Amino acid sequence: MNTKTLISGLLGGVCYFLLGWLIYGVLLKDAMNSSMGSATGVMRGEADMLLWAIAIGNIATGLGMAYILGNWAGVTSWAGGAKAAATVGALFSIGYDLIMYATSNMMELNGIFMDVPISIFMSASAGAVIGWWLGRS
């Protein structure tokens, strides 16, 4: 992974982290909590959240997206990054959410209908940042 991909991935990870906090933690917190399935005690309270793990997870996601966009898709613009990342984000989100829905009681179906568009938006936003950085000369 070259320096440009590494930096774009870190920027994308920061974008994922901030948008996740804003969307899931502030704007849609109650709506997402109401779509939880019948499993209880599986979500940590705010005071018990492991921010270091969330940060590393988001950075890993940003690095993965940067690797895909930069090395496989040849993205060099914010628009190209947004489009490609929205597609990748949609496919991974639909796949992950449906598997979790099918195999656990952690999320109701309406949660998927909220989570997938959010994931697409977050991925498109991070992809735009990644694509912008990759296109810098």
# chains A, B, ... in the order shown; residues from 1 in each chain; ligands from 1
$ closest_atom_pairs --of "range 7-78 of chain A" --to "range 113-116 of chain A" --cutoff "12 Å" --atoms "only C-alpha atoms" --output "JSON lines"
{"residue": "A:Gly20", "atom": "CA", "partner": "A:Asp115", "partner_atom": "CA", "distance": 11.0}
{"residue": "A:Ile23", "atom": "CA", "partner": "A:Asp115", "partner_atom": "CA", "distance": 10.2}
{"residue": "A:Tyr24", "atom": "CA", "partner": "A:Asp115", "partner_atom": "CA", "distance": 9.2}
{"residue": "A:Leu28", "atom": "CA", "partner": "A:Met114", "partner_atom": "CA", "distance": 9.2}
{"residue": "A:Lys29", "atom": "CA", "partner": "A:Met114", "partner_atom": "CA", "distance": 11.4}
{"residue": "A:Ala31", "atom": "CA", "partner": "A:Met114", "partner_atom": "CA", "distance": 8.7}
{"residue": "A:Met32", "atom": "CA", "partner": "A:Met114", "partner_atom": "CA", "distance": 7.8}
{"residue": "A:Asn33", "atom": "CA", "partner": "A:Met114", "partner_atom": "CA", "distance": 11.4}
{"residue": "A:Ser34", "atom": "CA", "partner": "A:Met114", "partner_atom": "CA", "distance": 11.2}
{"residue": "A:Ser35", "atom": "CA", "partner": "A:Met114", "partner_atom": "CA", "distance": 9.0}
{"residue": "A:Met36", "atom": "CA", "partner": "A:Asp115", "partner_atom": "CA", "distance": 11.6}
$ closest_residue --among "A:Met106, A:Leu18, A:Ala82, A:Met100" --to "Ile130 in chain A" --atoms "only C-alpha atoms"
A:Ala82
$ select_by_dssp --residues "range 23-117 of chain A" --states "helix (DSSP H, G or I)" --output "PyMOL selection string"
chain A and resi 23-27+29-34+46-48+51-72+78-103+109-117
$ write_last_selection --atoms "C-alpha atoms" --output "CSV table (one decimal), in the first residue's frame"
chain,number,residue,atom,x,y,z
A,23,ILE,CA,-25.9,9.5,12.2
A,24,TYR,CA,-26.0,6.5,14.5
A,25,GLY,CA,-25.0,8.2,17.7
A,26,VAL,CA,-27.0,11.4,17.5
A,27,LEU,CA,-29.5,11.9,14.7
A,29,LYS,CA,-30.0,6.9,17.8
A,30,ASP,CA,-33.6,6.4,18.9
A,31,ALA,CA,-34.8,5.1,15.6
A,32,MET,CA,-32.0,2.5,15.4
A,33,ASN,CA,-32.6,1.5,19.0
A,34,SER,CA,-36.3,0.9,18.2
A,46,GLU,CA,-22.7,4.9,25.7
A,47,ALA,CA,-20.4,4.9,28.8
A,48,ASP,CA,-19.3,1.3,27.9
A,51,LEU,CA,-14.1,4.1,21.2
A,52,TRP,CA,-10.6,2.8,20.4
A,53,ALA,CA,-12.1,-0.3,18.8
A,54,ILE,CA,-14.7,1.8,16.9
A,55,ALA,CA,-11.9,4.1,15.6
A,56,ILE,CA,-9.7,1.2,14.5
A,57,GLY,CA,-12.6,-0.5,12.8
A,58,ASN,CA,-13.5,2.6,10.9
A,59,ILE,CA,-9.9,3.2,9.9
A,60,ALA,CA,-9.7,-0.4,8.7
A,61,THR,CA,-12.8,0.2,6.7
A,62,GLY,CA,-11.4,3.4,5.2
A,63,LEU,CA,-8.1,1.6,4.3
A,64,GLY,CA,-10.0,-1.3,2.7
A,65,MET,CA,-12.1,1.1,0.7
A,66,ALA,CA,-9.0,3.1,-0.3
A,67,TYR,CA,-7.3,-0.1,-1.4
A,68,ILE,CA,-10.3,-1.1,-3.6
A,69,LEU,CA,-10.8,2.3,-5.1
A,70,GLY,CA,-7.1,3.1,-5.7
A,71,ASN,CA,-5.7,-0.2,-6.7
A,72,TRP,CA,-8.6,-2.0,-8.3
A,78,TRP,CA,-14.2,12.6,-5.7
A,79,ALA,CA,-17.1,11.8,-8.0
A,80,GLY,CA,-15.6,8.5,-9.1
A,81,GLY,CA,-14.8,7.7,-5.4
A,82,ALA,CA,-18.4,8.5,-4.3
A,83,LYS,CA,-19.9,6.3,-7.0
A,84,ALA,CA,-17.6,3.3,-6.6
A,85,ALA,CA,-17.7,3.4,-2.8
A,86,ALA,CA,-21.5,3.7,-2.8
A,87,THR,CA,-21.7,0.5,-4.9
A,88,VAL,CA,-19.2,-1.3,-2.7
A,89,GLY,CA,-20.9,0.0,0.5
A,90,ALA,CA,-24.4,-1.1,-0.8
A,91,LEU,CA,-23.3,-4.6,-1.6
A,92,PHE,CA,-21.5,-5.1,1.7
A,93,SER,CA,-24.2,-3.5,3.8
A,94,ILE,CA,-27.0,-5.5,2.1
A,95,GLY,CA,-25.0,-8.7,2.5
A,96,TYR,CA,-24.0,-8.1,6.1
A,97,ASP,CA,-27.4,-6.9,7.3
A,98,LEU,CA,-29.4,-9.7,5.7
A,99,ILE,CA,-27.0,-12.3,7.1
A,100,MET,CA,-27.3,-10.8,10.6
A,101,TYR,CA,-31.1,-10.6,10.2
A,102,ALA,CA,-31.3,-14.3,9.0
A,103,THR,CA,-29.0,-15.6,11.8
A,109,LEU,CA,-36.3,-6.0,9.1
A,110,ASN,CA,-37.1,-2.2,9.4
A,111,GLY,CA,-33.6,-1.7,10.7
A,112,ILE,CA,-32.1,-3.0,7.5
A,113,PHE,CA,-34.2,-0.5,5.5
A,114,MET,CA,-32.7,2.3,7.7
A,115,ASP,CA,-29.1,0.9,7.8
A,116,VAL,CA,-28.5,0.2,4.1
A,117,PRO,CA,-29.2,3.7,2.9
$ atom_distance --atom1 "CA of Gly135 in chain A" --atom2 "CA of Ser77 in chain A"
5.2 Å
